[in-house]
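Input: a single structure, listed below in structure tokens.
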Amino acid sequence: MNVLMVCLGNICRSPMADGLLRKKVAQHQLPITVDSAGTANYHVGKAPDSRMRATALSFDCSIDDLRARQFVQSDFDHFDLIYVMDSSNYNNVMSLARNDEDRAKVDLLLNLSYPGENRNVPDPYYGGEEGFIEVYQLLNDATDQLIQKLA
Ligand code: 4NP
């Protein structure tokens, strides 16, 4: 099973979701690979945002080694589940889908913790520190649900 987390820049929300899921997959010794990508190319090759890295470390989860990359159409071939952070990411990823099989892999991540509500993980990039903590907590809850679903 291969799981991909997607946001806009791949420097805040999806690396945090990626790092949390990697940590939980290792703890539960599950045969799952995890990666993340951004729909935009602004930050390709960069480490996650220092504010997201600091929040992650404060909750004992390092995302320092991740590097941003852009979502590509062939990700549909490599990943079984593609979780997007917001409706804009959803539309961008769906616009690259080639068929119903590709489309069936894509969902909003928060539908795991708030089924059917189509909630967005808010973009913390232009806000304060509390936004990064809120993002962490939303992603921690959603990845707990995902581990239960996949275990
Ligand atoms: P992310 O946050 O999508 O959670 O990585 C953002 C990072 C960078 C930008 C926007 C959102 N940006 O406009 O550069």
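Chain labels follow the order of the structure tokens: the first chain is A, the next B, and so on; residue numbering restarts at 1 in every chain, and ligands are counted from 1 in their shown order.
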Pull the alpha helix (DSSP H) assignments for segment 66-120 of chain A out of DSSP run on the backbone, and list those residues as a PyMOL selection string. chain A and resi 75-78+87-96+100-104
Residues of chain A at most 7 Å from ligand 1: nearest atom pair and distance in Å, only C-alpha atoms and all ligand atoms, as CSV:
residue,atom,partner,partner_atom_place_in_ligand_line,distance
A:Cys7,CA,ligand 1,3 (O),4.4
A:Leu8,CA,ligand 1,3 (O),3.4
A:Gly9,CA,ligand 1,5 (O),3.6
A:Asn10,CA,ligand 1,5 (O),4.0
A:Ile11,CA,ligand 1,5 (O),3.8
A:Cys12,CA,ligand 1,4 (O),3.8
A:Arg13,CA,ligand 1,4 (O),3.8
A:Ser14,CA,ligand 1,4 (O),6.1
A:Gly38,CA,ligand 1,3 (O),6.6
A:Tyr42,CA,ligand 1,14 (O),6.2
A:Asp123,CA,ligand 1,4 (O),5.3
A:Pro124,CA,ligand 1,2 (O),6.3
A:Tyr125,CA,ligand 1,6 (C),5.0
Would you mind exporting C-alpha atoms of the selected residues as a JSON list (two decimals), in the first residue's frame?
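The new file part37.json reads:
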[["chain", "number", "residue", "atom", "x", "y", "z"],
["A", 7, "CYS", "CA", -0.92, 20.25, -0.55],
["A", 8, "LEU", "CA", 0.01, 23.39, -2.51],
["A", 9, "GLY", "CA", 3.68, 24.02, -1.68],
["A", 10, "ASN", "CA", 4.70, 20.69, -0.09],
["A", 11, "ILE", "CA", 6.45, 22.64, 2.67],
["A", 12, "CYS", "CA", 3.79, 22.87, 5.42],
["A", 13, "ARG", "CA", 0.70, 20.66, 5.50],
["A", 14, "SER", "CA", 1.59, 17.63, 3.37],
["A", 38, "GLY", "CA", 2.73, 19.84, -3.83],
["A", 42, "TYR", "CA", 7.46, 27.12, -6.03],
["A", 123, "ASP", "CA", -3.14, 26.85, 4.85],
["A", 124, "PRO", "CA", -0.89, 28.08, 7.72],
["A", 125, "TYR", "CA", 1.73, 29.76, 5.51]]
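Looking only at segment 3-146 of chain A, the set that DSSP places in strand (DSSP E) from backbone geometry is A:Val3, A:Leu4, A:Met5, A:Val6, A:Cys7, A:Thr33, A:Val34, A:Asp35, A:Ser36, A:Ala37, A:Gly38, A:Leu81, A:Ile82, A:Tyr83, A:Val84, A:Val106, A:Asp107, A:Leu108.
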Quick one: contact table of segment 36-78 of chain A to segment 85-88 of chain A, 12 Å max, nearest atom pair and distance in Å to one decimal per residue, counting only C-alpha atoms, chain and number order, as a tab-separated table?
residue	atom	partner	partner_atom	distance
A:Ser36	CA	A:Met85	CA	11.1
A:Ala37	CA	A:Met85	CA	11.0
A:Gly38	CA	A:Met85	CA	10.1
A:Thr39	CA	A:Ser88	CA	9.4
A:Ala40	CA	A:Ser88	CA	11.2
Include all heavy atoms and write out the residues we just selected as a tab-separated table (two decimals), in the first residue's frame.
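The result, written out as part-v6.tsv:
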chain	number	residue	atom	x	y	z
A	36	SER	N	4.93	12.64	0.00
A	36	SER	CA	4.10	13.84	-0.14
A	36	SER	C	4.58	14.64	-1.33
A	36	SER	O	5.72	14.47	-1.80
A	36	SER	CB	4.14	14.68	1.15
A	36	SER	OG	5.46	15.06	1.47
A	37	ALA	N	3.69	15.53	-1.81
A	37	ALA	CA	3.98	16.36	-2.98
A	37	ALA	C	3.12	17.61	-2.92
A	37	ALA	O	2.12	17.66	-2.20
A	37	ALA	CB	3.69	15.58	-4.27
A	38	GLY	N	3.52	18.61	-3.71
A	38	GLY	CA	2.73	19.84	-3.83
A	38	GLY	C	2.20	19.98	-5.25
A	38	GLY	O	2.84	19.51	-6.19
A	39	THR	N	1.06	20.63	-5.38
A	39	THR	CA	0.55	20.85	-6.73
A	39	THR	C	1.35	21.95	-7.44
A	39	THR	O	1.41	21.98	-8.67
A	39	THR	CB	-0.95	21.22	-6.72
A	39	THR	OG1	-1.12	22.39	-5.92
A	39	THR	CG2	-1.78	20.09	-6.15
A	40	ALA	N	1.97	22.85	-6.67
A	40	ALA	CA	2.77	23.95	-7.24
A	40	ALA	C	4.25	23.59	-7.24
A	40	ALA	O	4.67	22.68	-6.52
A	40	ALA	CB	2.56	25.22	-6.43
Pick from A:Lys23, A:Arg53, A:His28, A:Lys149, whichever lies nearest to Leu112 of chain A using only C-alpha atoms: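 Among the listed residues, the smallest separation from Leu112 of chain A belongs to A:Lys149.
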Spatial neighbours of segment 129-139 of chain A, max dist 8 Å, only C-alpha atoms, sep filter under 2 positions, as a PyMOL selection string: chain A and resi 13+16-17+20+51-52+55-56+110+121-122+124+127+141-143
Please save N, CA and C atoms of the selected residues as a PDB file, in the first residue's frame.
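Okay, again_35.pdb is ready:
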ATOM      1  N   ARG A  13       1.705  21.645   5.096  1.00  0.00           N
ATOM      2  CA  ARG A  13       0.695  20.657   5.496  1.00  0.00           C
ATOM      3  C   ARG A  13       1.042  19.243   5.070  1.00  0.00           C
ATOM      4  N   MET A  16       3.933  17.583   6.947  1.00  0.00           N
ATOM      5  CA  MET A  16       3.520  17.236   8.321  1.00  0.00           C
ATOM      6  C   MET A  16       2.672  15.967   8.309  1.00  0.00           C
ATOM      7  N   ALA A  17       1.741  15.869   7.372  1.00  0.00           N
ATOM      8  CA  ALA A  17       0.920  14.656   7.259  1.00  0.00           C
ATOM      9  C   ALA A  17       1.798  13.452   6.920  1.00  0.00           C
ATOM     10  N   LEU A  20       3.920  12.457  10.072  1.00  0.00           N
ATOM     11  CA  LEU A  20       3.087  11.798  11.087  1.00  0.00           C
ATOM     12  C   LEU A  20       2.733  10.386  10.661  1.00  0.00           C
ATOM     13  N   ARG A  51       8.798  26.864  10.502  1.00  0.00           N
ATOM     14  CA  ARG A  51       7.752  26.886  11.543  1.00  0.00           C
ATOM     15  C   ARG A  51       7.057  25.535  11.641  1.00  0.00           C
ATOM     16  N   MET A  52       6.845  24.880  10.515  1.00  0.00           N
ATOM     17  CA  MET A  52       6.232  23.534  10.556  1.00  0.00           C
ATOM     18  C   MET A  52       7.219  22.537  11.153  1.00  0.00           C
ATOM     19  N   THR A  55       7.201  23.025  14.946  1.00  0.00           N
ATOM     20  CA  THR A  55       5.983  22.463  15.549  1.00  0.00           C
ATOM     21  C   THR A  55       6.071  20.947  15.570  1.00  0.00           C
ATOM     22  N   ALA A  56       6.517  20.365  14.468  1.00  0.00           N
ATOM     23  CA  ALA A  56       6.652  18.901  14.398  1.00  0.00           C
ATOM     24  C   ALA A  56       7.577  18.396  15.509  1.00  0.00           C
ATOM     25  N   LEU A 110      -9.290  15.286   5.519  1.00  0.00           N
ATOM     26  CA  LEU A 110     -10.148  15.447   6.706  1.00  0.00           C
ATOM     27  C   LEU A 110     -11.462  14.687   6.600  1.00  0.00           C
ATOM     28  N   VAL A 121      -7.899  21.397   5.385  1.00  0.00           N
ATOM     29  CA  VAL A 121      -6.837  21.738   6.333  1.00  0.00           C
ATOM     30  C   VAL A 121      -6.415  23.166   5.995  1.00  0.00           C
ATOM     31  N   PRO A 122      -6.576  24.133   6.919  1.00  0.00           N
ATOM     32  CA  PRO A 122      -6.268  25.526   6.568  1.00  0.00           C
ATOM     33  C   PRO A 122      -4.793  25.701   6.226  1.00  0.00           C
ATOM     34  N   PRO A 124      -1.461  27.283   6.619  1.00  0.00           N
ATOM     35  CA  PRO A 124      -0.890  28.076   7.724  1.00  0.00           C
ATOM     36  C   PRO A 124       0.173  29.069   7.287  1.00  0.00           C
ATOM     37  N   GLY A 127       0.000  32.813   8.217  1.00  0.00           N
ATOM     38  CA  GLY A 127      -0.512  33.116   9.552  1.00  0.00           C
ATOM     39  C   GLY A 127       0.525  32.948  10.645  1.00  0.00           C
ATOM     40  N   ASP A 141      -5.014  13.802  14.150  1.00  0.00           N
ATOM     41  CA  ASP A 141      -6.299  13.084  14.257  1.00  0.00           C
ATOM     42  C   ASP A 141      -6.589  12.306  12.969  1.00  0.00           C
ATOM     43  N   ALA A 142      -6.401  12.947  11.822  1.00  0.00           N
ATOM     44  CA  ALA A 142      -6.723  12.291  10.550  1.00  0.00           C
ATOM     45  C   ALA A 142      -5.808  11.088  10.305  1.00  0.00           C
ATOM     46  N   THR A 143      -4.517  11.204  10.656  1.00  0.00           N
ATOM     47  CA  THR A 143      -3.610  10.078  10.427  1.00  0.00           C
ATOM     48  C   THR A 143      -3.875   8.952  11.432  1.00  0.00           C
TER      49      THR A 143
END
Asn2 of chain A surroundings by only C-alpha atoms, 8 Å radius, close-in-sequence under 4 positions cut, as a VMD selection string: chain A and resid 32 to 34 78 to 81
Could those selected residues go to a file with N, CA and C atoms, as an mmCIF file, in the first residue's frame?
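Here's the written file out-v2.cif:
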data_model
loop_
_atom_site.group_PDB
_atom_site.id
_atom_site.type_symbol
_atom_site.label_atom_id
_atom_site.label_comp_id
_atom_site.auth_asym_id
_atom_site.auth_seq_id
_atom_site.Cartn_x
_atom_site.Cartn_y
_atom_site.Cartn_z
ATOM 1 N N ILE A 32 3.428 -0.163 4.579
ATOM 2 C CA ILE A 32 2.884 0.994 3.864
ATOM 3 C C ILE A 32 4.017 1.968 3.600
ATOM 4 N N THR A 33 4.117 2.463 2.354
ATOM 5 C CA THR A 33 5.067 3.531 2.077
ATOM 6 C C THR A 33 4.304 4.853 2.003
ATOM 7 N N VAL A 34 4.980 5.922 2.402
ATOM 8 C CA VAL A 34 4.350 7.236 2.518
ATOM 9 C C VAL A 34 5.222 8.259 1.807
ATOM 10 N N HIS A 78 1.776 5.103 -9.023
ATOM 11 C CA HIS A 78 2.573 4.608 -7.894
ATOM 12 C C HIS A 78 1.802 4.560 -6.580
ATOM 13 N N PHE A 79 0.741 5.334 -6.463
ATOM 14 C CA PHE A 79 0.057 5.448 -5.166
ATOM 15 C C PHE A 79 -1.362 4.890 -5.238
ATOM 16 N N ASP A 80 -1.753 4.239 -4.125
ATOM 17 C CA ASP A 80 -3.097 3.649 -4.013
ATOM 18 C C ASP A 80 -4.087 4.654 -3.448
ATOM 19 N N LEU A 81 -3.592 5.515 -2.559
ATOM 20 C CA LEU A 81 -4.449 6.518 -1.909
ATOM 21 C C LEU A 81 -3.746 7.865 -2.006
#
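Our summary of the geometry notes that atom CA of Met1 of chain A is positioned 9.3 Å from atom CA of Leu30 of chain A.
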What is the distance between atom CA of Leu57 of chain A and atom CA of Ala26 of chain A, in Å to one decimal?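 So the two atoms, atom CA of Leu57 of chain A and atom CA of Ala26 of chain A, lie 17.1 Å apart.
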Among the residues A:Asp18, A:Asp77, A:Asp49, A:Asp64, the one that comes closest to Leu109 of chain A [using only C-alpha atoms]: A:Asp18
List as a Markdown table every residue of segment 67-131 of chain A that is in contact with segment 44-47 of chain A, defined as an atom at most 6 Å from one of its atoms (using only C-alpha atoms), together with the nearest atom pair and the distance in Å rounded to one decimal, sorted by chain and then rising number.
| residue | atom | partner | partner_atom | distance |
| --- | --- | --- | --- | --- |
| A:Arg67 | CA | A:Ala47 | CA | 4.7 |
| A:Ala68 | CA | A:Val44 | CA | 4.7 |
| A:Arg69 | CA | A:Val44 | CA | 4.8 |
If you keep C-alpha atoms, can you produce a file of those selected residues as a PDB file, in the first residue's frame?
ATOM      1  CA  ARG A  67      12.254  17.749   0.487  1.00  0.00           C
ATOM      2  CA  ALA A  68       9.516  19.318  -1.600  1.00  0.00           C
ATOM      3  CA  ARG A  69       8.544  17.948  -4.980  1.00  0.00           C
TER       4      ARG A  69
END
